[in-house]
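Student: Dropping in data_30.cif, which is mmCIF, C-alpha atoms:
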```cif
data_start
#
loop_
_atom_site.group_PDB
_atom_site.id
_atom_site.type_symbol
_atom_site.label_atom_id
_atom_site.label_comp_id
_atom_site.auth_asym_id
_atom_site.auth_seq_id
_atom_site.Cartn_x
_atom_site.Cartn_y
_atom_site.Cartn_z
ATOM 1 C CA MET A 1 -47.409 -38.564 20.780
ATOM 2 C CA SER A 2 -45.721 -41.789 21.923
ATOM 3 C CA GLN A 3 -41.973 -42.326 21.970
ATOM 4 C CA THR A 4 -42.384 -44.881 19.174
ATOM 5 C CA GLU A 5 -44.130 -42.310 16.993
ATOM 6 C CA LEU A 6 -41.392 -39.790 17.717
ATOM 7 C CA ASP A 7 -38.702 -42.342 16.852
ATOM 8 C CA ASN A 8 -40.488 -43.286 13.638
ATOM 9 C CA ARG A 9 -40.496 -39.649 12.556
ATOM 10 C CA ARG A 10 -36.703 -39.596 12.538
ATOM 11 C CA PRO A 11 -35.372 -39.107 9.002
ATOM 12 C CA ILE A 12 -34.128 -41.652 6.510
ATOM 13 C CA GLY A 13 -30.440 -41.000 5.857
ATOM 14 C CA VAL A 14 -29.156 -41.256 2.287
ATOM 15 C CA PHE A 15 -25.628 -40.687 1.010
ATOM 16 C CA ASP A 16 -23.822 -40.794 -2.298
ATOM 17 C CA SER A 17 -20.489 -39.680 -3.679
ATOM 18 C CA GLY A 18 -22.185 -36.689 -5.299
ATOM 19 C CA LEU A 19 -25.646 -35.687 -6.450
ATOM 20 C CA GLY A 20 -26.535 -38.856 -8.376
ATOM 21 C CA GLY A 21 -28.108 -40.402 -5.281
ATOM 22 C CA LEU A 22 -30.851 -37.800 -5.508
ATOM 23 C CA THR A 23 -32.458 -40.114 -8.066
ATOM 24 C CA VAL A 24 -32.954 -42.521 -5.145
ATOM 25 C CA VAL A 25 -34.355 -39.676 -3.016
ATOM 26 C CA ARG A 26 -36.692 -38.827 -5.883
ATOM 27 C CA GLU A 27 -38.105 -42.365 -5.864
ATOM 28 C CA LEU A 28 -38.262 -42.448 -2.041
ATOM 29 C CA ARG A 29 -40.335 -39.258 -2.022
ATOM 30 C CA LYS A 30 -42.746 -40.780 -4.533
ATOM 31 C CA ARG A 31 -43.161 -44.036 -2.618
ATOM 32 C CA LEU A 32 -42.874 -42.712 0.960
ATOM 33 C CA PRO A 33 -44.388 -39.211 0.910
ATOM 34 C CA ASP A 34 -44.637 -38.993 4.720
ATOM 35 C CA GLU A 35 -40.958 -39.662 5.370
ATOM 36 C CA ALA A 36 -38.362 -37.047 6.303
ATOM 37 C CA ILE A 37 -35.069 -37.502 4.456
ATOM 38 C CA VAL A 38 -31.591 -36.123 5.039
ATOM 39 C CA TYR A 39 -29.289 -36.488 2.039
ATOM 40 C CA LEU A 40 -25.499 -36.204 2.017
ATOM 41 C CA GLY A 41 -23.637 -35.729 -1.248
ATOM 42 C CA ASP A 42 -19.858 -36.052 -0.877
ATOM 43 C CA THR A 43 -19.326 -33.558 -3.687
ATOM 44 C CA ALA A 44 -15.818 -32.639 -2.502
ATOM 45 C CA ARG A 45 -14.592 -36.179 -3.262
ATOM 46 C CA VAL A 46 -16.743 -37.267 -6.192
ATOM 47 C CA PRO A 47 -16.376 -39.648 -8.003
ATOM 48 C CA TYR A 48 -16.006 -42.793 -5.897
ATOM 49 C CA GLY A 49 -16.060 -45.024 -8.974
ATOM 50 C CA THR A 50 -12.372 -44.532 -9.728
ATOM 51 C CA ARG A 51 -11.159 -44.939 -6.106
ATOM 52 C CA SER A 52 -9.658 -47.993 -4.423
ATOM 53 C CA ALA A 53 -11.896 -50.159 -2.238
ATOM 54 C CA SER A 54 -10.084 -49.101 0.948
ATOM 55 C CA THR A 55 -10.582 -45.427 0.109
ATOM 56 C CA VAL A 56 -14.277 -45.900 -0.673
ATOM 57 C CA ILE A 57 -14.769 -47.737 2.636
ATOM 58 C CA ARG A 58 -13.090 -44.877 4.496
ATOM 59 C CA TYR A 59 -15.248 -42.300 2.744
ATOM 60 C CA ALA A 60 -18.426 -44.341 3.338
ATOM 61 C CA ARG A 61 -17.684 -44.615 7.046
ATOM 62 C CA GLY A 62 -17.308 -40.853 7.306
ATOM 63 C CA CYS A 63 -20.579 -40.207 5.475
ATOM 64 C CA ALA A 64 -22.402 -42.787 7.577
ATOM 65 C CA GLN A 65 -21.127 -41.312 10.840
ATOM 66 C CA LEU A 66 -22.272 -37.821 9.918
ATOM 67 C CA LEU A 67 -25.778 -39.061 9.146
ATOM 68 C CA VAL A 68 -25.945 -41.229 12.271
ATOM 69 C CA ASP A 69 -25.056 -38.126 14.268
ATOM 70 C CA ARG A 70 -28.095 -36.445 12.671
ATOM 71 C CA GLY A 71 -30.389 -39.025 14.274
ATOM 72 C CA ILE A 72 -31.440 -41.127 11.291
ATOM 73 C CA LYS A 73 -33.572 -44.258 11.683
ATOM 74 C CA CYS A 74 -32.118 -46.121 8.688
ATOM 75 C CA LEU A 75 -29.326 -45.572 6.182
ATOM 76 C CA VAL A 76 -29.470 -45.894 2.402
ATOM 77 C CA ILE A 77 -26.176 -46.142 0.514
ATOM 78 C CA ALA A 78 -27.308 -44.529 -2.740
ATOM 79 C CA CYS A 79 -24.002 -45.243 -4.436
ATOM 80 C CA ASN A 80 -23.344 -48.452 -6.326
ATOM 81 C CA THR A 81 -19.602 -48.261 -5.699
ATOM 82 C CA ALA A 82 -19.974 -47.785 -1.943
ATOM 83 C CA SER A 83 -22.723 -50.419 -1.807
ATOM 84 C CA ALA A 84 -20.428 -52.869 -3.557
ATOM 85 C CA VAL A 85 -17.535 -52.555 -1.104
ATOM 86 C CA ALA A 86 -18.832 -51.016 2.152
ATOM 87 C CA LEU A 87 -22.380 -52.322 2.716
ATOM 88 C CA GLU A 88 -21.526 -55.318 4.903
ATOM 89 C CA ILE A 89 -19.024 -53.291 6.934
ATOM 90 C CA LEU A 90 -21.559 -50.567 7.700
ATOM 91 C CA GLN A 91 -24.264 -53.124 8.463
ATOM 92 C CA ALA A 92 -21.942 -54.672 11.047
ATOM 93 C CA GLU A 93 -20.846 -51.364 12.562
ATOM 94 C CA LEU A 94 -24.084 -49.389 12.755
ATOM 95 C CA ASP A 95 -27.055 -49.850 15.040
ATOM 96 C CA VAL A 96 -29.530 -48.670 12.392
ATOM 97 C CA PRO A 97 -30.662 -50.739 9.398
ATOM 98 C CA VAL A 98 -28.468 -50.203 6.328
ATOM 99 C CA ILE A 99 -29.515 -50.895 2.760
ATOM 100 C CA GLY A 100 -27.578 -50.436 -0.469
ATOM 101 C CA VAL A 101 -28.631 -50.131 -4.091
ATOM 102 C CA VAL A 102 -26.953 -53.285 -5.449
ATOM 103 C CA GLY A 103 -29.144 -55.884 -3.717
ATOM 104 C CA PRO A 104 -32.491 -54.327 -4.683
ATOM 105 C CA GLY A 105 -31.292 -53.794 -8.253
ATOM 106 C CA ALA A 106 -30.153 -57.416 -8.486
ATOM 107 C CA ARG A 107 -33.465 -58.729 -7.132
ATOM 108 C CA ALA A 108 -35.423 -56.583 -9.587
ATOM 109 C CA ALA A 109 -33.220 -57.826 -12.435
ATOM 110 C CA VAL A 110 -33.795 -61.456 -11.483
ATOM 111 C CA GLY A 111 -37.535 -60.803 -11.340
ATOM 112 C CA ALA A 112 -37.499 -59.247 -14.812
ATOM 113 C CA ALA A 113 -35.332 -62.066 -16.199
ATOM 114 C CA THR A 114 -37.580 -64.714 -14.672
ATOM 115 C CA ASP A 115 -40.652 -63.108 -16.221
ATOM 116 C CA MET A 116 -38.940 -63.034 -19.621
ATOM 117 C CA GLN A 117 -37.795 -66.627 -19.308
ATOM 118 C CA SER A 118 -41.356 -67.775 -18.692
ATOM 119 C CA GLN A 119 -42.040 -66.773 -22.294
ATOM 120 C CA SER A 120 -38.869 -68.287 -23.737
ATOM 121 C CA PRO A 121 -37.086 -71.614 -23.193
ATOM 122 C CA ARG A 122 -33.590 -70.080 -23.237
ATOM 123 C CA PRO A 123 -31.927 -68.571 -20.146
ATOM 124 C CA VAL A 124 -32.052 -64.789 -19.910
ATOM 125 C CA ARG A 125 -28.705 -63.105 -19.353
ATOM 126 C CA ILE A 126 -28.552 -59.990 -17.152
ATOM 127 C CA GLY A 127 -26.362 -57.062 -18.176
ATOM 128 C CA VAL A 128 -25.118 -54.321 -15.873
ATOM 129 C CA LEU A 129 -24.024 -50.829 -16.868
ATOM 130 C CA GLY A 130 -21.915 -49.274 -14.124
ATOM 131 C CA THR A 131 -18.762 -47.463 -13.137
ATOM 132 C CA ILE A 132 -15.397 -49.160 -13.509
ATOM 133 C CA SER A 133 -15.235 -49.795 -9.764
ATOM 134 C CA THR A 134 -18.729 -51.278 -9.529
ATOM 135 C CA ILE A 135 -18.194 -53.620 -12.464
ATOM 136 C CA SER A 136 -14.734 -54.735 -11.316
ATOM 137 C CA SER A 137 -16.066 -55.462 -7.810
ATOM 138 C CA GLN A 138 -18.334 -58.201 -9.227
ATOM 139 C CA ALA A 139 -20.981 -57.018 -6.759
ATOM 140 C CA TYR A 140 -23.900 -57.587 -9.122
ATOM 141 C CA PRO A 141 -22.976 -61.154 -10.120
ATOM 142 C CA ARG A 142 -22.652 -62.004 -6.419
ATOM 143 C CA ALA A 143 -25.951 -60.312 -5.552
ATOM 144 C CA VAL A 144 -27.779 -62.010 -8.427
ATOM 145 C CA SER A 145 -26.392 -65.432 -7.433
ATOM 146 C CA LEU A 146 -27.832 -64.974 -3.939
ATOM 147 C CA VAL A 147 -31.285 -64.659 -5.501
ATOM 148 C CA SER A 148 -30.972 -67.130 -8.383
ATOM 149 C CA THR A 149 -28.243 -69.155 -10.052
ATOM 150 C CA ARG A 150 -30.184 -69.450 -13.314
ATOM 151 C CA HIS A 151 -29.061 -66.161 -14.834
ATOM 152 C CA GLU A 152 -25.568 -65.244 -15.968
ATOM 153 C CA VAL A 153 -24.460 -61.649 -15.450
ATOM 154 C CA THR A 154 -22.356 -59.556 -17.818
ATOM 155 C CA GLY A 155 -20.947 -56.220 -16.701
ATOM 156 C CA GLN A 156 -20.044 -53.254 -18.893
ATOM 157 C CA PRO A 157 -18.165 -50.237 -17.512
ATOM 158 C CA ALA A 158 -19.636 -46.982 -18.821
ATOM 159 C CA PRO A 159 -17.319 -44.285 -17.424
ATOM 160 C CA LEU A 160 -18.389 -41.505 -19.803
ATOM 161 C CA LEU A 161 -22.027 -41.527 -18.703
ATOM 162 C CA VAL A 162 -21.482 -39.948 -15.265
ATOM 163 C CA PRO A 163 -19.742 -36.783 -16.539
ATOM 164 C CA LEU A 164 -22.335 -36.471 -19.322
ATOM 165 C CA VAL A 165 -25.151 -36.533 -16.757
ATOM 166 C CA GLU A 166 -23.259 -34.153 -14.472
ATOM 167 C CA GLU A 167 -23.001 -31.694 -17.377
ATOM 168 C CA GLY A 168 -26.686 -32.083 -18.200
ATOM 169 C CA TRP A 169 -26.055 -33.770 -21.570
ATOM 170 C CA LEU A 170 -29.092 -36.052 -21.462
ATOM 171 C CA ASP A 171 -30.007 -36.040 -25.147
ATOM 172 C CA GLY A 172 -28.427 -35.292 -28.490
ATOM 173 C CA ASP A 173 -25.682 -36.958 -30.500
ATOM 174 C CA VAL A 174 -22.950 -37.008 -27.831
ATOM 175 C CA PRO A 175 -24.772 -38.990 -25.117
ATOM 176 C CA ARG A 176 -26.490 -41.134 -27.748
ATOM 177 C CA LEU A 177 -23.175 -42.179 -29.313
ATOM 178 C CA ALA A 178 -21.679 -42.949 -25.886
ATOM 179 C CA VAL A 179 -24.718 -45.002 -24.813
ATOM 180 C CA ARG A 180 -24.711 -46.843 -28.149
ATOM 181 C CA GLU A 181 -21.017 -47.744 -27.806
ATOM 182 C CA TYR A 182 -21.510 -49.268 -24.357
ATOM 183 C CA LEU A 183 -24.755 -51.023 -25.284
ATOM 184 C CA GLN A 184 -23.230 -52.580 -28.391
ATOM 185 C CA ARG A 185 -20.642 -54.307 -26.216
ATOM 186 C CA LEU A 186 -23.285 -55.411 -23.700
ATOM 187 C CA LEU A 187 -25.857 -56.576 -26.223
ATOM 188 C CA ALA A 188 -23.171 -58.557 -28.027
ATOM 189 C CA GLU A 189 -23.474 -60.876 -25.000
ATOM 190 C CA ASP A 190 -27.195 -61.355 -25.787
ATOM 191 C CA VAL A 191 -28.516 -59.831 -22.563
ATOM 192 C CA GLY A 192 -32.256 -59.589 -22.031
ATOM 193 C CA VAL A 193 -32.228 -57.378 -18.929
ATOM 194 C CA ILE A 194 -30.051 -54.317 -18.329
ATOM 195 C CA VAL A 195 -29.543 -52.948 -14.820
ATOM 196 C CA LEU A 196 -28.710 -49.261 -14.485
ATOM 197 C CA GLY A 197 -25.889 -49.853 -12.021
ATOM 198 C CA CYS A 198 -25.193 -46.213 -11.214
ATOM 199 C CA THR A 199 -27.572 -43.668 -9.688
ATOM 200 C CA HIS A 200 -26.696 -41.169 -12.431
ATOM 201 C CA TYR A 201 -27.977 -43.450 -15.167
ATOM 202 C CA PRO A 202 -31.758 -43.131 -14.521
ATOM 203 C CA LEU A 203 -31.552 -39.678 -16.101
ATOM 204 C CA LEU A 204 -30.479 -41.463 -19.294
ATOM 205 C CA LYS A 205 -33.023 -44.267 -18.942
ATOM 206 C CA GLN A 206 -35.190 -43.242 -21.886
ATOM 207 C CA LEU A 207 -32.161 -42.850 -24.156
ATOM 208 C CA ILE A 208 -30.756 -46.203 -22.999
ATOM 209 C CA ARG A 209 -34.122 -47.857 -23.613
ATOM 210 C CA GLU A 210 -34.399 -46.400 -27.121
ATOM 211 C CA GLU A 211 -30.875 -47.434 -28.107
ATOM 212 C CA ALA A 212 -31.229 -50.912 -26.601
ATOM 213 C CA GLU A 213 -34.478 -51.535 -28.490
ATOM 214 C CA GLN A 214 -32.900 -50.328 -31.703
ATOM 215 C CA LEU A 215 -29.741 -52.408 -31.334
ATOM 216 C CA ALA A 216 -31.197 -55.644 -29.929
ATOM 217 C CA ALA A 217 -32.909 -58.333 -31.924
ATOM 218 C CA HIS A 218 -35.095 -59.171 -28.914
ATOM 219 C CA PRO A 219 -36.910 -57.288 -26.121
ATOM 220 C CA VAL A 220 -34.681 -55.783 -23.408
ATOM 221 C CA GLN A 221 -35.936 -54.848 -19.957
ATOM 222 C CA ILE A 222 -34.339 -51.824 -18.243
ATOM 223 C CA VAL A 223 -34.089 -52.077 -14.453
ATOM 224 C CA ASP A 224 -33.799 -48.810 -12.524
ATOM 225 C CA SER A 225 -31.941 -49.564 -9.279
ATOM 226 C CA ALA A 226 -33.192 -46.279 -7.767
ATOM 227 C CA GLN A 227 -36.793 -47.444 -8.088
ATOM 228 C CA ALA A 228 -35.903 -50.895 -6.795
ATOM 229 C CA THR A 229 -34.139 -49.379 -3.773
ATOM 230 C CA ALA A 230 -37.145 -47.212 -2.879
ATOM 231 C CA ILE A 231 -39.320 -50.325 -2.901
ATOM 232 C CA ALA A 232 -36.810 -52.140 -0.676
ATOM 233 C CA VAL A 233 -36.690 -49.240 1.796
ATOM 234 C CA ALA A 234 -40.488 -49.153 2.002
ATOM 235 C CA GLU A 235 -40.518 -52.887 2.738
ATOM 236 C CA LEU A 236 -37.776 -52.524 5.354
ATOM 237 C CA LEU A 237 -39.596 -49.740 7.209
ATOM 238 C CA ALA A 238 -42.838 -51.720 7.150
ATOM 239 C CA ASP A 239 -41.156 -54.902 8.412
ATOM 240 C CA LYS A 240 -39.464 -53.071 11.285
ATOM 241 C CA GLY A 241 -42.424 -50.867 12.146
ATOM 242 C CA LEU A 242 -40.443 -47.704 11.409
ATOM 243 C CA GLY A 243 -42.840 -45.998 9.011
ATOM 244 C CA ALA A 244 -43.830 -42.395 9.723
ATOM 245 C CA ALA A 245 -47.580 -42.188 9.091
ATOM 246 C CA ASN A 246 -49.209 -38.802 8.499
ATOM 247 C CA ALA A 247 -45.982 -36.902 9.186
ATOM 248 C CA THR A 248 -44.836 -33.708 7.550
ATOM 249 C CA ALA A 249 -42.155 -34.829 5.113
ATOM 250 C CA THR A 250 -39.008 -32.721 4.941
ATOM 251 C CA LEU A 251 -35.892 -32.929 2.812
ATOM 252 C CA GLN A 252 -32.534 -31.686 4.062
ATOM 253 C CA LEU A 253 -29.646 -31.543 1.603
ATOM 254 C CA LEU A 254 -26.049 -31.687 2.824
ATOM 255 C CA VAL A 255 -22.960 -31.447 0.623
ATOM 256 C CA THR A 256 -19.235 -31.487 1.371
ATOM 257 C CA ASP A 257 -18.588 -28.901 -1.335
ATOM 258 C CA LEU A 258 -21.064 -26.434 -2.791
ATOM 259 C CA PRO A 259 -20.495 -26.174 -6.537
ATOM 260 C CA GLY A 260 -21.723 -23.096 -8.330
ATOM 261 C CA SER A 261 -24.118 -25.175 -10.429
ATOM 262 C CA PHE A 262 -25.550 -26.981 -7.386
ATOM 263 C CA ALA A 263 -29.173 -25.811 -7.655
ATOM 264 C CA GLN A 264 -29.413 -26.622 -11.370
ATOM 265 C CA SER A 265 -27.712 -30.009 -11.053
ATOM 266 C CA ALA A 266 -29.589 -31.067 -7.913
ATOM 267 C CA SER A 267 -32.930 -30.035 -9.424
ATOM 268 C CA ARG A 268 -32.174 -32.185 -12.483
ATOM 269 C CA PHE A 269 -31.507 -35.281 -10.365
ATOM 270 C CA LEU A 270 -34.318 -34.715 -7.870
ATOM 271 C CA GLY A 271 -36.967 -33.729 -10.382
ATOM 272 C CA GLU A 272 -38.045 -30.683 -8.389
ATOM 273 C CA GLN A 273 -36.707 -27.230 -7.659
ATOM 274 C CA VAL A 274 -33.757 -27.068 -5.255
ATOM 275 C CA ASP A 275 -32.667 -23.717 -3.878
ATOM 276 C CA ALA A 276 -30.109 -24.360 -1.152
ATOM 277 C CA ALA A 277 -28.044 -26.927 0.712
ATOM 278 C CA GLU A 278 -25.969 -26.975 3.869
ATOM 279 C CA GLN A 279 -22.241 -27.397 3.367
ATOM 280 C CA VAL A 280 -20.723 -29.779 5.910
ATOM 281 C CA ASP A 281 -17.266 -31.103 6.698
ATOM 282 C CA ILE A 282 -16.421 -34.763 7.132
ATOM 283 C CA THR A 283 -13.537 -34.981 9.545
ATOM 284 C CA PRO A 284 -10.567 -37.263 8.831
ATOM 285 C CA SER A 285 -11.453 -39.563 11.758
ATOM 286 C CA GLU A 286 -13.123 -42.094 9.462
ATOM 287 C CA ALA A 287 -11.317 -45.246 10.537
ATOM 288 C CA THR A 288 -14.256 -46.311 12.704
ATOM 289 C CA VAL A 289 -17.898 -45.482 13.089
ATOM 290 C CA LYS A 290 -19.154 -44.775 16.589
ATOM 291 C CA VAL A 291 -22.635 -46.090 17.304
#
```
Transcribe the structure of this file into structure tokens.
Tutor:
Amino acid sequence: MSQTELDNRRPIGVFDSGLGGLTVVRELRKRLPDEAIVYLGDTARVPYGTRSASTVIRYARGCAQLLVDRGIKCLVIACNTASAVALEILQAELDVPVIGVVGPGARAAVGAATDMQSQSPRPVRIGVLGTISTISSQAYPRAVSLVSTRHEVTGQPAPLLVPLVEEGWLDGDVPRLAVREYLQRLLAEDVGVIVLGCTHYPLLKQLIREEAEQLAAHPVQIVDSAQATAIAVAELLADKGLGAANATATLQLLVTDLPGSFAQSASRFLGEQVDAAEQVDITPSEATVKV
């Protein structure tokens, strides 16, 4: 086996503030079944969505360094909050390709809005459901404007959805009422496309779709940023010649704290049975990332 083949078989590194990023891993495993993946969930410091930008950057640097030390060939920031504030910093500091979830989600939203606009003369507004931090960062409006200036973007913080997903409340009156409250505010702005701007939200995608269709007076497209990110990673690996063909795919799960409900929660996000994870420590020396 050549050195290039050996290098290409290095894992994809993925990190998130908790277990929500496993929805991205789930889509990566569907689209790239030959790829090894090492996932880091910073469960000791979840959530990132309520933290300051400087704190999130510090946490993201620590997570990135740990994965770089594990010999990854590319890094996926499977956290909308960290993608919003730390992506460009990590891209500048690391010697491996780095991709976040905001850019792919924005591009997919523009594509959906453009398709809808081809059937209607009026501009299609894009709505984003996300954490308070992601919405306040204005990351999605900036990312959309880099792709197209034809679509306005409206953000709606949905802070209750993460704890509902964490608790496994994916259907029933409680999550439905919460989703309806947030969608009513978003659909009041006449959006035609809704981006799930948090990696927890794909588990509520069907409920969000049902409520949006019921509340809206026009069709609404739901964009899953986890799916969009998996597509972007596949394109990145192909462009850089980093794909691992005919390899034995493995998945390694790392967490900074091992909650008692880990296996149940991780299995819910990943869509397959999870039995164990390795607990790791991220040292305080997060001011810089060594490459």
Student: May I have the residues within 7 Å of Tyr48 (chain A) as a compact mmCIF listing (two decimals) with C-alpha atoms, in the coordinates of the input, using all atoms listed in the file and disregarding those fewer than 5 positions away in the same chain?
Tutor:
```
# COMPACT_ATOMS: atom_id res chain seq x y z
CA SER A 17 -20.49 -39.68 -3.68
CA VAL A 56 -14.28 -45.90 -0.67
CA THR A 81 -19.60 -48.26 -5.70
```
Student: Between A:Thr55, A:Thr250, A:Gln65, A:Ser265, which residue has the minimum interatomic distance to His200 (chain A), considering only C-alpha atoms?
Tutor: A:Ser265
Student: Could you tell me which of A:Val46, A:Leu19, A:Val195, A:Ala238 comes closest to Val165 (chain A) if we count all atoms listed in the file?
Tutor: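 Distance minimum relative to Val165 (chain A) lands on A:Leu19.
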Student: Select from region 109-158 of chain A every residue with an atom at most 9 Å from any atom of region 94-102 of chain A, then for each give the shortest pair of atoms and their distance in Å to one decimal, using only C-alpha atoms, rows by chain and rising number, as CSV.
Tutor:
```
residue,atom,partner,partner_atom,distance
A:Ala139,CA,A:Val102,CA,7.2
A:Tyr140,CA,A:Val102,CA,6.4
A:Ala143,CA,A:Val102,CA,7.1
```
Student: Could you state the separation of CA of Gly241 (chain A) and CA of Thr23 (chain A) in Å, given to one decimal place?
Tutor: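 CA of Thr23 (chain A) lies 25.0 Å from CA of Gly241 (chain A).
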Student: Using all atoms listed in the file, which protein or nucleic acid residues come within 12 Å of region 113-119 of chain A? Drop anything in the same chain fewer than 2 positions from it, and give the result as a PyMOL selection string.
Tutor: chain A and resi 106-111+121-127+144+147-153+191-195+218-223
Student: Take CA of Ala78 (chain A) and CA of Gly21 (chain A) and report the distance between them in Å, one decimal.
Tutor: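 Computing the Euclidean distance for CA of Ala78 (chain A) and CA of Gly21 (chain A) yields 4.9 Å.
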Student: Counting only C-alpha atoms, figure out which residue out of A:Lys205, A:Arg45, A:Arg9, A:Arg70 gets nearest to Leu258 (chain A).
Tutor: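 For Leu258 (chain A), the nearest of the candidates is A:Arg45.
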Student: Determine the residue membership of the PyMOL selection byres ((chain A and resi 39) around 12) for the file above and supply it as a PDB file with C-alpha atoms, keeping the file's coordinate frame.
Tutor:
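Saved result, out-v3.pdb, follows:
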```pdb
ATOM      1  CA  PRO A  11     -35.372 -39.107   9.002  1.00  0.00           C
ATOM      2  CA  ILE A  12     -34.128 -41.652   6.510  1.00  0.00           C
ATOM      3  CA  GLY A  13     -30.440 -41.000   5.857  1.00  0.00           C
ATOM      4  CA  VAL A  14     -29.156 -41.256   2.287  1.00  0.00           C
ATOM      5  CA  PHE A  15     -25.628 -40.687   1.010  1.00  0.00           C
ATOM      6  CA  ASP A  16     -23.822 -40.794  -2.298  1.00  0.00           C
ATOM      7  CA  SER A  17     -20.489 -39.680  -3.679  1.00  0.00           C
ATOM      8  CA  GLY A  18     -22.185 -36.689  -5.299  1.00  0.00           C
ATOM      9  CA  LEU A  19     -25.646 -35.687  -6.450  1.00  0.00           C
ATOM     10  CA  GLY A  20     -26.535 -38.856  -8.376  1.00  0.00           C
ATOM     11  CA  GLY A  21     -28.108 -40.402  -5.281  1.00  0.00           C
ATOM     12  CA  LEU A  22     -30.851 -37.800  -5.508  1.00  0.00           C
ATOM     13  CA  THR A  23     -32.458 -40.114  -8.066  1.00  0.00           C
ATOM     14  CA  VAL A  24     -32.954 -42.521  -5.145  1.00  0.00           C
ATOM     15  CA  VAL A  25     -34.355 -39.676  -3.016  1.00  0.00           C
ATOM     16  CA  ARG A  26     -36.692 -38.827  -5.883  1.00  0.00           C
ATOM     17  CA  LEU A  28     -38.262 -42.448  -2.041  1.00  0.00           C
ATOM     18  CA  ALA A  36     -38.362 -37.047   6.303  1.00  0.00           C
ATOM     19  CA  ILE A  37     -35.069 -37.502   4.456  1.00  0.00           C
ATOM     20  CA  VAL A  38     -31.591 -36.123   5.039  1.00  0.00           C
ATOM     21  CA  LEU A  40     -25.499 -36.204   2.017  1.00  0.00           C
ATOM     22  CA  GLY A  41     -23.637 -35.729  -1.248  1.00  0.00           C
ATOM     23  CA  ASP A  42     -19.858 -36.052  -0.877  1.00  0.00           C
ATOM     24  CA  THR A  43     -19.326 -33.558  -3.687  1.00  0.00           C
ATOM     25  CA  CYS A  63     -20.579 -40.207   5.475  1.00  0.00           C
ATOM     26  CA  ALA A  64     -22.402 -42.787   7.577  1.00  0.00           C
ATOM     27  CA  LEU A  66     -22.272 -37.821   9.918  1.00  0.00           C
ATOM     28  CA  LEU A  67     -25.778 -39.061   9.146  1.00  0.00           C
ATOM     29  CA  VAL A  68     -25.945 -41.229  12.271  1.00  0.00           C
ATOM     30  CA  ARG A  70     -28.095 -36.445  12.671  1.00  0.00           C
ATOM     31  CA  ILE A  72     -31.440 -41.127  11.291  1.00  0.00           C
ATOM     32  CA  LEU A  75     -29.326 -45.572   6.182  1.00  0.00           C
ATOM     33  CA  VAL A  76     -29.470 -45.894   2.402  1.00  0.00           C
ATOM     34  CA  ILE A  77     -26.176 -46.142   0.514  1.00  0.00           C
ATOM     35  CA  ALA A  78     -27.308 -44.529  -2.740  1.00  0.00           C
ATOM     36  CA  THR A 250     -39.008 -32.721   4.941  1.00  0.00           C
ATOM     37  CA  LEU A 251     -35.892 -32.929   2.812  1.00  0.00           C
ATOM     38  CA  GLN A 252     -32.534 -31.686   4.062  1.00  0.00           C
ATOM     39  CA  LEU A 253     -29.646 -31.543   1.603  1.00  0.00           C
ATOM     40  CA  LEU A 254     -26.049 -31.687   2.824  1.00  0.00           C
ATOM     41  CA  VAL A 255     -22.960 -31.447   0.623  1.00  0.00           C
ATOM     42  CA  THR A 256     -19.235 -31.487   1.371  1.00  0.00           C
ATOM     43  CA  ALA A 266     -29.589 -31.067  -7.913  1.00  0.00           C
ATOM     44  CA  LEU A 270     -34.318 -34.715  -7.870  1.00  0.00           C
ATOM     45  CA  ALA A 277     -28.044 -26.927   0.712  1.00  0.00           C
ATOM     46  CA  GLU A 278     -25.969 -26.975   3.869  1.00  0.00           C
ATOM     47  CA  GLN A 279     -22.241 -27.397   3.367  1.00  0.00           C
ATOM     48  CA  VAL A 280     -20.723 -29.779   5.910  1.00  0.00           C
TER      49      VAL A 280
END
```
Student: What would region 251-259 of chain A look like with N, CA and C atoms restored, written as a PDB file, keeping the file's coordinate frame?
Tutor:
```
ATOM      1  N   LEU A 251     -37.101 -32.491   3.504  1.00  0.00           N
ATOM      2  CA  LEU A 251     -35.892 -32.929   2.812  1.00  0.00           C
ATOM      3  C   LEU A 251     -34.772 -31.960   3.135  1.00  0.00           C
ATOM      4  N   GLN A 252     -33.714 -32.492   3.733  1.00  0.00           N
ATOM      5  CA  GLN A 252     -32.534 -31.686   4.062  1.00  0.00           C
ATOM      6  C   GLN A 252     -31.382 -32.151   3.196  1.00  0.00           C
ATOM      7  N   LEU A 253     -30.744 -31.223   2.500  1.00  0.00           N
ATOM      8  CA  LEU A 253     -29.646 -31.543   1.603  1.00  0.00           C
ATOM      9  C   LEU A 253     -28.335 -31.068   2.206  1.00  0.00           C
ATOM     10  N   LEU A 254     -27.382 -31.982   2.322  1.00  0.00           N
ATOM     11  CA  LEU A 254     -26.049 -31.687   2.824  1.00  0.00           C
ATOM     12  C   LEU A 254     -25.041 -32.012   1.733  1.00  0.00           C
ATOM     13  N   VAL A 255     -24.029 -31.185   1.588  1.00  0.00           N
ATOM     14  CA  VAL A 255     -22.960 -31.447   0.623  1.00  0.00           C
ATOM     15  C   VAL A 255     -21.628 -31.100   1.269  1.00  0.00           C
ATOM     16  N   THR A 256     -20.561 -31.783   0.830  1.00  0.00           N
ATOM     17  CA  THR A 256     -19.235 -31.487   1.371  1.00  0.00           C
ATOM     18  C   THR A 256     -18.527 -30.385   0.590  1.00  0.00           C
ATOM     19  N   ASP A 257     -19.067 -30.045  -0.569  1.00  0.00           N
ATOM     20  CA  ASP A 257     -18.588 -28.901  -1.335  1.00  0.00           C
ATOM     21  C   ASP A 257     -19.781 -28.358  -2.096  1.00  0.00           C
ATOM     22  N   LEU A 258     -19.898 -27.039  -2.175  1.00  0.00           N
ATOM     23  CA  LEU A 258     -21.064 -26.434  -2.791  1.00  0.00           C
ATOM     24  C   LEU A 258     -20.685 -25.867  -4.154  1.00  0.00           C
ATOM     25  N   PRO A 259     -20.853 -26.666  -5.195  1.00  0.00           N
ATOM     26  CA  PRO A 259     -20.495 -26.174  -6.537  1.00  0.00           C
ATOM     27  C   PRO A 259     -21.424 -25.059  -6.981  1.00  0.00           C
TER      28      PRO A 259
END
```
